[in-house]
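Coordinates as given in upload.csv (CSV, C-alpha atoms and all ligand atoms):
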```csv
chain,number,residue,atom,x,y,z
A,1,MET,CA,0.0,0.0,0.0
A,2,TRP,CA,2.7,2.5,0.9
A,3,GLN,CA,5.3,3.6,-1.6
A,4,ASN,CA,8.9,3.2,-0.7
A,5,LEU,CA,11.7,5.6,-1.8
A,6,GLY,CA,13.8,2.8,-3.3
A,7,ALA,CA,17.3,2.5,-1.9
A,8,MET,CA,16.5,5.1,0.8
A,9,THR,CA,13.9,2.7,2.2
A,10,LYS,CA,11.8,5.5,3.6
A,11,THR,CA,8.1,5.4,2.9
A,12,LEU,CA,6.5,8.4,1.0
A,13,MET,CA,3.9,9.8,3.3
A,14,PHE,CA,2.3,12.4,1.1
A,15,GLY,CA,-0.9,11.0,-0.2
A,16,PHE,CA,-1.9,9.0,2.9
A,17,THR,CA,-5.6,9.2,4.0
A,18,LEU,CA,-6.5,10.0,7.6
A,19,SER,CA,-7.2,6.4,8.4
A,20,GLU,CA,-3.8,5.4,7.0
A,21,LEU,CA,-2.1,8.1,9.1
A,22,GLU,CA,-4.0,6.9,12.2
A,23,THR,CA,-2.7,3.3,11.7
A,24,LEU,CA,0.8,4.7,11.2
A,25,VAL,CA,0.9,6.9,14.4
A,26,GLN,CA,-0.7,4.2,16.5
A,27,ASP,CA,2.0,1.7,15.2
A,28,LEU,CA,4.5,4.3,16.4
A,29,GLY,CA,2.9,4.4,19.9
A,30,ALA,CA,1.5,7.9,19.4
A,31,PRO,CA,-2.2,8.9,20.2
A,32,LYS,CA,-4.7,8.6,17.4
A,33,TYR,CA,-5.4,12.4,17.3
A,34,THR,CA,-1.8,13.0,16.2
A,35,ALA,CA,-2.9,11.7,12.7
A,36,LYS,CA,-5.1,14.8,12.3
A,37,GLN,CA,-2.3,17.1,13.2
A,38,LEU,CA,0.0,15.3,10.7
A,39,ALA,CA,-2.7,15.6,8.0
A,40,ASP,CA,-3.0,19.3,8.8
A,41,TRP,CA,0.7,19.8,8.4
A,42,ILE,CA,0.9,17.8,5.1
A,43,TYR,CA,-2.2,19.0,3.2
A,44,ARG,CA,-3.1,22.4,4.7
A,45,LYS,CA,0.3,23.8,5.7
A,46,HIS,CA,2.3,22.0,3.0
A,47,ALA,CA,5.1,21.2,5.4
A,48,PRO,CA,8.4,20.5,3.7
A,49,SER,CA,9.7,18.4,6.7
A,50,PHE,CA,8.7,16.7,10.0
A,51,GLU,CA,11.0,19.2,11.8
A,52,VAL,CA,8.6,22.1,11.4
A,53,MET,CA,5.7,20.1,12.9
A,54,THR,CA,6.2,21.8,16.3
A,55,ASN,CA,3.0,20.5,17.9
A,56,LEU,CA,4.2,16.9,17.6
A,57,SER,CA,6.6,15.6,20.2
A,58,LYS,CA,10.3,15.7,19.4
A,59,SER,CA,10.5,11.9,19.8
A,60,LEU,CA,7.6,11.3,17.3
A,61,ARG,CA,9.2,13.7,14.8
A,62,THR,CA,12.5,11.9,15.0
A,63,GLU,CA,10.8,8.6,14.6
A,64,LEU,CA,8.9,9.9,11.5
A,65,GLU,CA,12.1,11.3,10.1
A,66,GLN,CA,13.8,7.9,10.3
A,67,HIS,CA,11.1,5.9,8.5
A,68,PHE,CA,9.1,8.3,6.3
A,69,SER,CA,9.7,11.0,3.7
A,70,LEU,CA,7.7,14.0,2.6
A,71,HIS,CA,9.4,14.1,-0.7
A,72,LYS,CA,7.4,15.0,-3.8
A,73,THR,CA,8.5,15.1,-7.4
A,74,PRO,CA,8.2,18.6,-8.9
A,75,PRO,CA,7.2,19.0,-12.5
A,76,ILE,CA,9.7,19.7,-15.3
A,77,THR,CA,9.7,21.3,-18.8
A,78,PRO,CA,6.7,23.6,-18.6
A,79,GLN,CA,5.3,24.4,-22.1
A,80,HIS,CA,3.3,27.7,-22.4
A,81,SER,CA,0.4,28.1,-24.8
A,82,ALA,CA,-0.5,31.4,-26.3
A,83,ASP,CA,-3.8,31.2,-24.5
A,84,GLY,CA,-2.2,30.9,-21.0
A,85,THR,CA,-2.5,27.1,-20.7
A,86,ILE,CA,0.7,25.5,-19.2
A,87,LYS,CA,1.5,21.9,-19.7
A,88,TYR,CA,3.8,20.2,-17.2
A,89,LEU,CA,5.6,16.8,-17.2
A,90,TYR,CA,5.9,14.9,-13.9
A,91,PRO,CA,8.8,12.5,-14.1
A,92,PHE,CA,7.6,9.8,-11.7
A,93,ASP,CA,9.3,6.5,-11.0
A,94,GLY,CA,7.6,4.0,-13.4
A,95,GLY,CA,6.8,6.6,-16.0
A,96,SER,CA,6.1,10.2,-16.7
A,97,VAL,CA,2.7,11.9,-17.0
A,98,GLU,CA,1.4,15.3,-18.1
A,99,ALA,CA,-0.9,17.7,-16.4
A,100,ALA,CA,-2.4,20.9,-17.8
A,101,TYR,CA,-3.0,24.2,-16.0
A,102,ILE,CA,-5.8,26.0,-17.7
A,103,PRO,CA,-6.5,29.6,-16.4
A,104,ASP,CA,-9.7,31.3,-17.4
A,105,GLN,CA,-11.4,34.6,-16.5
A,106,ASP,CA,-13.0,33.6,-13.2
A,107,ARG,CA,-11.4,30.1,-12.6
A,108,ALA,CA,-8.3,28.1,-13.0
A,109,THR,CA,-8.5,24.4,-13.8
A,110,LEU,CA,-6.0,21.6,-13.4
A,111,CYS,CA,-6.4,18.7,-15.7
A,112,LEU,CA,-4.6,15.8,-14.1
A,113,SER,CA,-3.6,12.2,-15.0
A,114,THR,CA,-4.4,9.0,-13.3
A,115,GLN,CA,-2.4,6.4,-15.2
A,116,VAL,CA,0.8,6.2,-17.2
A,117,GLY,CA,-0.7,5.6,-20.6
A,118,CYS,CA,-4.1,3.9,-20.9
A,119,LYS,CA,-5.6,0.5,-21.7
A,120,MET,CA,-8.8,1.7,-23.3
A,121,GLY,CA,-7.3,2.4,-26.7
A,122,CYS,CA,-9.7,5.1,-27.9
A,123,SER,CA,-8.8,5.7,-31.6
A,124,PHE,CA,-8.9,9.5,-31.4
A,125,CYS,CA,-6.7,9.8,-28.3
A,126,MET,CA,-2.9,10.3,-28.1
A,127,THR,CA,-2.7,8.6,-24.7
A,128,GLY,CA,-4.7,5.6,-26.0
A,129,ARG,CA,-2.0,5.1,-28.7
A,130,GLN,CA,0.7,5.1,-26.2
A,131,GLY,CA,-0.4,1.9,-24.5
A,132,PHE,CA,-0.5,1.2,-20.8
A,133,TYR,CA,2.5,1.4,-18.4
A,134,GLY,CA,0.9,1.5,-14.9
A,135,ASN,CA,-1.4,3.1,-12.4
A,136,LEU,CA,-0.5,6.3,-10.5
A,137,THR,CA,-0.5,6.0,-6.7
A,138,PRO,CA,-2.5,8.6,-4.6
A,139,HIS,CA,0.9,10.2,-3.9
A,140,GLN,CA,1.5,10.7,-7.6
A,141,ILE,CA,-2.0,11.8,-8.4
A,142,LEU,CA,-2.0,14.4,-5.6
A,143,THR,CA,1.6,15.5,-6.4
A,144,GLN,CA,0.3,17.0,-9.7
A,145,LEU,CA,-1.7,19.5,-7.6
A,146,GLU,CA,0.7,19.9,-4.6
A,147,CYS,CA,3.8,20.7,-6.7
A,148,LEU,CA,2.0,22.8,-9.4
A,149,PRO,CA,3.6,26.3,-9.3
A,150,GLU,CA,0.1,27.8,-9.7
A,151,ARG,CA,-1.4,25.6,-7.0
A,152,GLU,CA,-2.9,28.5,-5.0
A,153,ASN,CA,-4.8,29.7,-8.1
A,154,ILE,CA,-6.6,26.4,-8.7
A,155,THR,CA,-10.4,26.5,-8.3
A,156,ASN,CA,-11.3,23.3,-10.3
A,157,LEU,CA,-9.9,19.9,-10.8
A,158,VAL,CA,-10.7,17.6,-13.7
A,159,PHE,CA,-9.6,14.0,-13.9
A,160,MET,CA,-9.4,14.1,-17.7
A,161,GLY,CA,-5.7,13.8,-18.4
A,162,MET,CA,-3.8,10.6,-19.2
A,163,GLY,CA,-5.6,7.3,-18.2
A,164,GLU,CA,-9.1,6.1,-17.4
A,165,PRO,CA,-9.7,7.1,-13.8
A,166,LEU,CA,-12.1,4.3,-13.0
A,167,ASP,CA,-9.6,1.8,-14.2
A,168,ASN,CA,-7.5,2.9,-11.2
A,169,LEU,CA,-10.4,3.1,-8.9
A,170,GLU,CA,-9.1,2.7,-5.4
A,171,ASN,CA,-6.2,5.1,-5.9
A,172,VAL,CA,-8.5,7.7,-7.5
A,173,LEU,CA,-11.1,7.3,-4.6
A,174,ASN,CA,-8.3,7.7,-2.0
A,175,SER,CA,-7.1,10.8,-3.8
A,176,LEU,CA,-10.6,12.2,-3.8
A,177,THR,CA,-10.9,11.5,-0.1
A,178,VAL,CA,-7.7,13.6,0.5
A,179,LEU,CA,-8.9,16.3,-1.8
A,180,THR,CA,-12.4,16.7,-0.3
A,181,SER,CA,-12.0,15.9,3.4
A,182,ASP,CA,-11.8,18.7,6.0
A,183,TRP,CA,-8.5,17.3,7.2
A,184,GLY,CA,-7.2,17.3,3.6
A,185,TYR,CA,-7.4,20.0,0.9
A,186,HIS,CA,-11.1,20.5,1.8
A,187,LEU,CA,-12.1,21.2,-1.8
A,188,SER,CA,-15.8,21.3,-2.7
A,189,HIS,CA,-17.1,18.2,-4.4
A,190,GLN,CA,-18.7,20.6,-6.9
A,191,ARG,CA,-15.2,21.7,-8.0
A,192,ILE,CA,-14.0,18.2,-9.0
A,193,THR,CA,-15.0,16.2,-12.1
A,194,VAL,CA,-14.0,12.7,-12.9
A,195,SER,CA,-14.4,11.6,-16.5
A,196,THR,CA,-14.9,8.0,-17.7
A,197,VAL,CA,-15.7,6.0,-20.8
A,198,GLY,CA,-18.1,4.0,-18.7
A,199,LEU,CA,-16.8,1.0,-16.8
A,200,ILE,CA,-20.0,-0.2,-15.2
A,201,PRO,CA,-18.9,-2.1,-12.1
A,202,GLN,CA,-16.4,0.6,-11.1
A,203,LEU,CA,-19.0,3.3,-11.9
A,204,GLU,CA,-21.4,1.7,-9.3
A,205,VAL,CA,-18.7,1.9,-6.6
A,206,PHE,CA,-17.8,5.5,-7.6
A,207,PHE,CA,-21.5,6.6,-7.3
A,208,GLN,CA,-21.7,5.0,-3.8
A,209,ARG,CA,-18.4,6.3,-2.4
A,210,THR,CA,-18.0,9.9,-3.7
A,211,GLN,CA,-20.0,13.0,-4.4
A,212,VAL,CA,-17.7,14.6,-7.0
A,213,ARG,CA,-19.0,15.4,-10.4
A,214,PHE,CA,-19.0,12.9,-13.2
A,215,ALA,CA,-18.5,13.1,-17.0
A,216,LEU,CA,-19.2,10.3,-19.4
A,217,SER,CA,-17.3,10.2,-22.7
A,218,VAL,CA,-19.9,9.3,-25.4
A,219,HIS,CA,-18.7,10.5,-28.9
A,220,SER,CA,-21.4,8.5,-30.7
A,221,PRO,CA,-25.0,7.5,-29.8
A,222,PHE,CA,-24.8,4.5,-32.1
A,223,ASP,CA,-23.4,1.2,-30.7
A,224,GLU,CA,-21.5,-0.1,-33.7
A,225,GLU,CA,-20.0,3.3,-34.5
A,226,ARG,CA,-19.0,4.0,-30.9
A,227,ALA,CA,-17.4,0.5,-30.6
A,228,GLN,CA,-15.0,1.4,-33.4
A,229,TRP,CA,-13.7,4.5,-31.6
A,230,VAL,CA,-14.2,3.6,-27.9
A,231,PRO,CA,-13.5,-0.2,-27.7
A,232,VAL,CA,-14.9,-0.6,-24.2
A,233,GLN,CA,-18.3,-0.2,-25.8
A,234,LYS,CA,-18.1,-3.9,-26.7
A,235,VAL,CA,-17.9,-4.8,-23.0
A,236,TYR,CA,-20.1,-2.1,-21.5
A,237,PRO,CA,-22.6,-0.8,-24.1
A,238,LEU,CA,-23.7,2.8,-23.7
A,239,SER,CA,-27.4,1.9,-23.1
A,240,GLN,CA,-26.3,-0.1,-20.1
A,241,VAL,CA,-24.1,2.7,-18.8
A,242,ILE,CA,-27.1,5.1,-19.1
A,243,GLN,CA,-29.2,2.6,-17.2
A,244,THR,CA,-26.6,2.4,-14.4
A,245,ILE,CA,-26.5,6.2,-14.2
A,246,LYS,CA,-30.4,6.3,-13.9
A,247,LYS,CA,-30.3,3.6,-11.3
A,248,TRP,CA,-27.9,5.4,-9.0
A,249,GLU,CA,-28.4,9.0,-9.7
A,250,THR,CA,-32.1,9.7,-10.3
A,251,GLY,CA,-33.2,12.3,-7.8
A,252,LYS,CA,-29.6,13.0,-6.6
A,253,LYS,CA,-27.9,16.4,-6.8
A,254,ARG,CA,-24.6,15.4,-8.4
A,255,ARG,CA,-23.9,17.3,-11.6
A,256,LEU,CA,-23.7,14.8,-14.6
A,257,SER,CA,-22.3,15.7,-18.0
A,258,VAL,CA,-21.5,14.0,-21.3
A,259,GLU,CA,-18.4,14.7,-23.3
A,260,TYR,CA,-18.9,14.5,-27.1
A,261,ILE,CA,-16.0,15.1,-29.4
A,262,LEU,CA,-17.1,16.1,-32.9
A,263,PHE,CA,-15.3,14.5,-35.9
A,264,GLU,CA,-16.0,16.0,-39.3
A,265,SER,CA,-18.5,14.1,-41.4
A,266,LYS,CA,-18.4,11.2,-39.0
A,267,ASN,CA,-20.5,12.0,-35.9
A,268,ASP,CA,-21.5,15.6,-36.4
A,269,SER,CA,-24.7,15.1,-38.4
A,270,PRO,CA,-28.3,16.1,-37.3
A,271,ARG,CA,-29.0,12.3,-37.1
A,272,HIS,CA,-26.4,12.0,-34.5
A,273,ALA,CA,-27.6,14.9,-32.5
A,274,HIS,CA,-31.2,13.7,-32.5
A,275,ALA,CA,-30.1,10.2,-31.5
A,276,LEU,CA,-28.0,11.6,-28.7
A,277,ALA,CA,-30.9,13.6,-27.4
A,278,LYS,CA,-33.1,10.5,-27.5
A,279,LEU,CA,-30.5,8.5,-25.6
A,280,LEU,CA,-30.2,11.1,-22.8
A,281,LYS,CA,-34.0,11.7,-22.4
A,282,GLY,CA,-35.0,11.5,-18.8
A,283,LEU,CA,-31.6,12.3,-17.4
A,284,ASP,CA,-30.7,15.7,-15.8
A,285,ILE,CA,-27.4,15.8,-17.8
A,286,ARG,CA,-25.6,18.5,-19.8
A,287,VAL,CA,-23.6,17.9,-23.0
A,288,ASN,CA,-20.2,19.4,-23.6
A,289,LEU,CA,-19.4,19.6,-27.3
A,290,ILE,CA,-15.7,19.5,-28.0
A,291,LYS,CA,-14.0,20.1,-31.4
A,292,PHE,CA,-11.6,17.3,-32.3
A,293,HIS,CA,-7.9,18.2,-32.0
A,294,HIS,CA,-5.9,16.6,-34.8
A,295,ILE,CA,-3.3,14.0,-33.9
A,296,PRO,CA,-0.6,12.8,-36.4
A,297,GLY,CA,-1.8,10.0,-38.7
A,298,SER,CA,-5.4,10.3,-37.6
A,299,GLU,CA,-8.3,9.6,-40.0
A,300,PHE,CA,-10.3,12.3,-38.1
A,301,GLN,CA,-10.7,16.0,-38.9
A,302,SER,CA,-12.0,18.9,-37.0
A,303,PRO,CA,-15.5,20.1,-38.1
A,304,PRO,CA,-16.1,23.9,-38.8
A,305,ARG,CA,-17.6,25.9,-35.9
A,306,GLU,CA,-21.0,26.1,-37.6
A,307,LYS,CA,-21.3,22.3,-37.3
A,308,LEU,CA,-20.8,22.5,-33.6
A,309,GLU,CA,-23.4,25.3,-33.3
A,310,GLU,CA,-25.9,23.3,-35.4
A,311,PHE,CA,-25.4,20.2,-33.2
A,312,GLN,CA,-25.8,22.3,-30.1
A,313,GLN,CA,-29.1,23.9,-31.4
A,314,ILE,CA,-30.6,20.5,-32.2
A,315,LEU,CA,-29.8,19.2,-28.7
A,316,MET,CA,-31.2,22.4,-27.1
A,317,SER,CA,-34.4,22.2,-29.2
A,318,GLU,CA,-34.8,18.6,-27.8
A,319,GLY,CA,-34.5,20.0,-24.2
A,320,ILE,CA,-30.9,19.0,-23.6
A,321,GLN,CA,-28.6,21.6,-22.1
A,322,ALA,CA,-25.5,21.8,-24.4
A,323,THR,CA,-22.4,24.0,-24.4
A,324,ILE,CA,-19.5,24.2,-26.8
A,325,ARG,CA,-16.2,23.8,-24.9
A,326,LYS,CA,-13.5,26.3,-25.6
A,327,SER,CA,-10.3,24.7,-27.0
A,328,ARG,CA,-7.4,25.3,-24.8
A,329,GLY,CA,-3.7,24.7,-25.2
A,330,GLU,CA,-3.9,23.1,-28.7
A,331,ASP,CA,-0.6,24.7,-29.7
A,332,ILE,CA,1.3,22.9,-27.0
A,333,GLU,CA,-0.7,19.6,-27.3
A,334,ALA,CA,-2.4,20.1,-24.0
A,335,ALA,CA,-5.9,20.1,-25.4
A,336,CYS,CA,-8.4,17.3,-24.9
A,337,GLY,CA,-7.1,13.9,-26.1
A,338,LEU,CA,-3.6,15.3,-26.8
A,339,LEU,CA,-1.8,14.6,-23.5
A,340,SER,CA,0.9,11.9,-23.6
A,341,SER,CA,4.4,11.4,-22.5
A,342,LYS,CA,5.6,10.1,-25.8
A,343,LYS,CA,8.8,12.2,-25.6
A,344,VAL,CA,9.9,10.3,-22.5
A,345,TYR,CA,9.3,6.9,-24.1
A,346,SER,CA,10.9,7.7,-27.4
A,347,GLY,CA,14.0,8.8,-25.5
B,1,LIG,S1,-9.8,8.9,-24.3
B,1,LIG,FE1,-9.4,8.5,-22.1
B,1,LIG,S2,-10.1,6.4,-21.9
B,1,LIG,FE2,-9.8,6.7,-24.1
B,1,LIG,S3,-7.7,6.1,-24.5
B,1,LIG,FE3,-7.7,8.3,-24.1
B,1,LIG,S4,-7.2,8.5,-21.9
B,1,LIG,FE4,-7.8,6.4,-22.3
```

So, in terms of structure tokens, how does the structure I just supplied come out?
Amino acid sequence: MWQNLGAMTKTLMFGFTLSELETLVQDLGAPKYTAKQLADWIYRKHAPSFEVMTNLSKSLRTELEQHFSLHKTPPITPQHSADGTIKYLYPFDGGSVEAAYIPDQDRATLCLSTQVGCKMGCSFCMTGRQGFYGNLTPHQILTQLECLPERENITNLVFMGMGEPLDNLENVLNSLTVLTSDWGYHLSHQRITVSTVGLIPQLEVFFQRTQVRFALSVHSPFDEERAQWVPVQKVYPLSQVIQTIKKWETGKKRRLSVEYILFESKNDSPRHAHALAKLLKGLDIRVNLIKFHHIPGSEFQSPPREKLEEFQQILMSEGIQATIRKSRGEDIEAACGLLSSKKVYSG
């Protein structure tokens, strides 16, 4: 469960939940309440060392220093977009990942990664092409926020970077616990969105264990077509994913959304828009329409703006709330579907 620092044999403590910290302090013979003090130092005061934790006894601090580390890996090679987006590379043991800082007028969003690569193999996605190299630990997921130079500006978090979050469920849920608990970062559930292609068993656990927002990647309302682009459709068909959402979320307050990337002359027709509206009938869900961002060697093209607007109008005329998402960071390959750490793997 705990991640060691290799040859140094110290365990990385950043990323522990309160219950893990409680077990730890009790194993060291300290009272249980000490765990809350530790959490406060780690997540609220961002303590760089145990030495500064002056409300812990000297002997406990010495003990912690011997066995644990508060080390975190800072990001490297920031790439700046003309629109203000900054993409960072986090060189973790086991593989590097990217995260994107996206400032806007009244908010600043961090798009973070949950896996090195991805198993899902979506045909329009750079990460999907890269293959899968491993899951990120809570330490690594949370480090993307903790070590971000713009951390204090962040108002929103989206789990939409590299990887399928629900394919790394326990680590993502533990990270969400640290992010939303009053002993942790104490961020509002309303400020965090987890995106998924729709892994049904994991989705049921997700609905039961967290209140953060949820976004479903759809991209086609038609089964056969979606299966070509989002292979997990063959295992968990969209109609069953929608049933699962209805089963768990009807009457609940959680904000639900659908992500729909438009590919020119493939899924941007009025027929698609009407079928999508029909599929979503009865759900309190909003649709985010996203222009496809070209990746090398791809069969897909970006549609003109009018196509997105036409698609939006049809959805709205059918009573579905729909917005066109602004493209951000395209010039530095930080936009939707473009994150990857290919540079690291190609040496
Ligand atoms: S779109 Fe998401 S789930 Fe699909 S391959 Fe890319 S990172 Fe994985």

Atomic distance atom CA of Glu249 of chain A - atom CA of Val205 of chain A, expressed in Å with one decimal: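 Interatomic distance, atom CA of Glu249 of chain A to atom CA of Val205 of chain A: 12.4 Å.
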
List as a count of residues only the protein and nucleic acid residues lying within 7 Å of ligand LIG 1 (chain B), with all atoms listed in the file counted. 17

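For segment 29-31 of chain A, the non-local neighbours within 12 Å, defined as residues at least 2 positions apart in the same chain or in other chains and counting only C-alpha atoms, are Leu21, Glu22, Thr23, Leu24, Val25, Gln26, Asp27, Tyr33, Thr34, Ala35, Lys36, Gln37, Leu38, Leu56, Ser57, Lys58, Ser59, Leu60, Arg61, Glu63 and Leu64 of chain A.
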
Given all atoms listed in the file as the counted atoms, nearest of A:Met13, A:Gly134, A:Thr180, A:Gly84 to Gln105 of chain A: A:Gly84

Tell me which of A:Ala100, A:Leu289, A:Met160, A:Leu179 sits closest to Pro138 of chain A, counting all atoms listed in the file.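 Looking only at the distances to Pro138 of chain A, the closest residue turns out to be A:Leu179.
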
For Cys147 of chain A: contacts at 12 Å, all atoms listed in the file, fewer than 3 positions along chain excluded, given as a PyMOL selection string: chain A and resi 14+43+46+48+71-76+88-90+99+110+139-144+150-152

Test item: residues at most 12 Å from Leu280 of chain A, all atoms listed in the file, excluding those fewer than 4 positions along its chain, as number ranges by chain: A: 216, 218, 221, 238-239, 241-243, 245-246, 256-258, 273-276, 284-287, 315, 318-322

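Closest approach to Ser96 of chain A from the set A:Val116, A:Ile324, A:Ile332, A:Cys111 is made by A:Val116, with distances taken over only C-alpha atoms.
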
Nearest to Arg213 of chain A, chosen from A:Val158, A:Gly198, A:Gln233, A:Gln240, with all atoms listed in the file counted in the distances: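 Of A:Val158, A:Gly198, A:Gln233, A:Gln240, the one nearest Arg213 of chain A is A:Val158, counting all atoms listed in the file.
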
Polymer residues at most 8 Å from Ile261 of chain A, only C-alpha atoms, same-chain spacing of 6 or more positions, as a list in words: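 After dropping sequence-adjacent residues, the list is His219, Leu289, Ile290, Lys291 and Phe292 of chain A.
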
Measuring between all atoms listed in the file, which one of A:Thr323, A:Thr210, A:Ser265, A:Thr114 shows the shortest distance to Pro303 of chain A?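 Checking each of A:Thr323, A:Thr210, A:Ser265, A:Thr114 against Pro303 of chain A, counting all atoms listed in the file, the winner is A:Ser265.
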
Just the number, please: distance in Å from atom CA of Asp167 of chain A to atom CA of Arg44 of chain A, one decimal.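 The value is 28.7 Å.
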
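Atom CA of Asn156 of chain A to atom CA of Trp183 of chain A spans 18.7 Å [interatomic distance, one decimal].
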
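Comparing A:Ser302, A:Arg209, A:Tyr133, A:Asp93 by their smallest distance to Ser327 of chain A, the closest is A:Ser302 (using all atoms listed in the file).
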
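By chain and then residue number, the residues within 7 Å of Gln202 of chain A are Leu166, Leu169, Leu199, Val205 and Phe206 of chain A, counting all atoms listed in the file and disregarding those fewer than 3 positions away in sequence.
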
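With distances taken from (-0.6, 27.6, -21.6) and restricted to all atoms listed in the file, the residues inside 8 Å are Gln79, His80, Ser81, Ala82, Asp83, Gly84, Thr85, Ile86, Lys87, Ala100, Tyr101, Ile102, Arg328, Gly329 and Ile332 of chain A.
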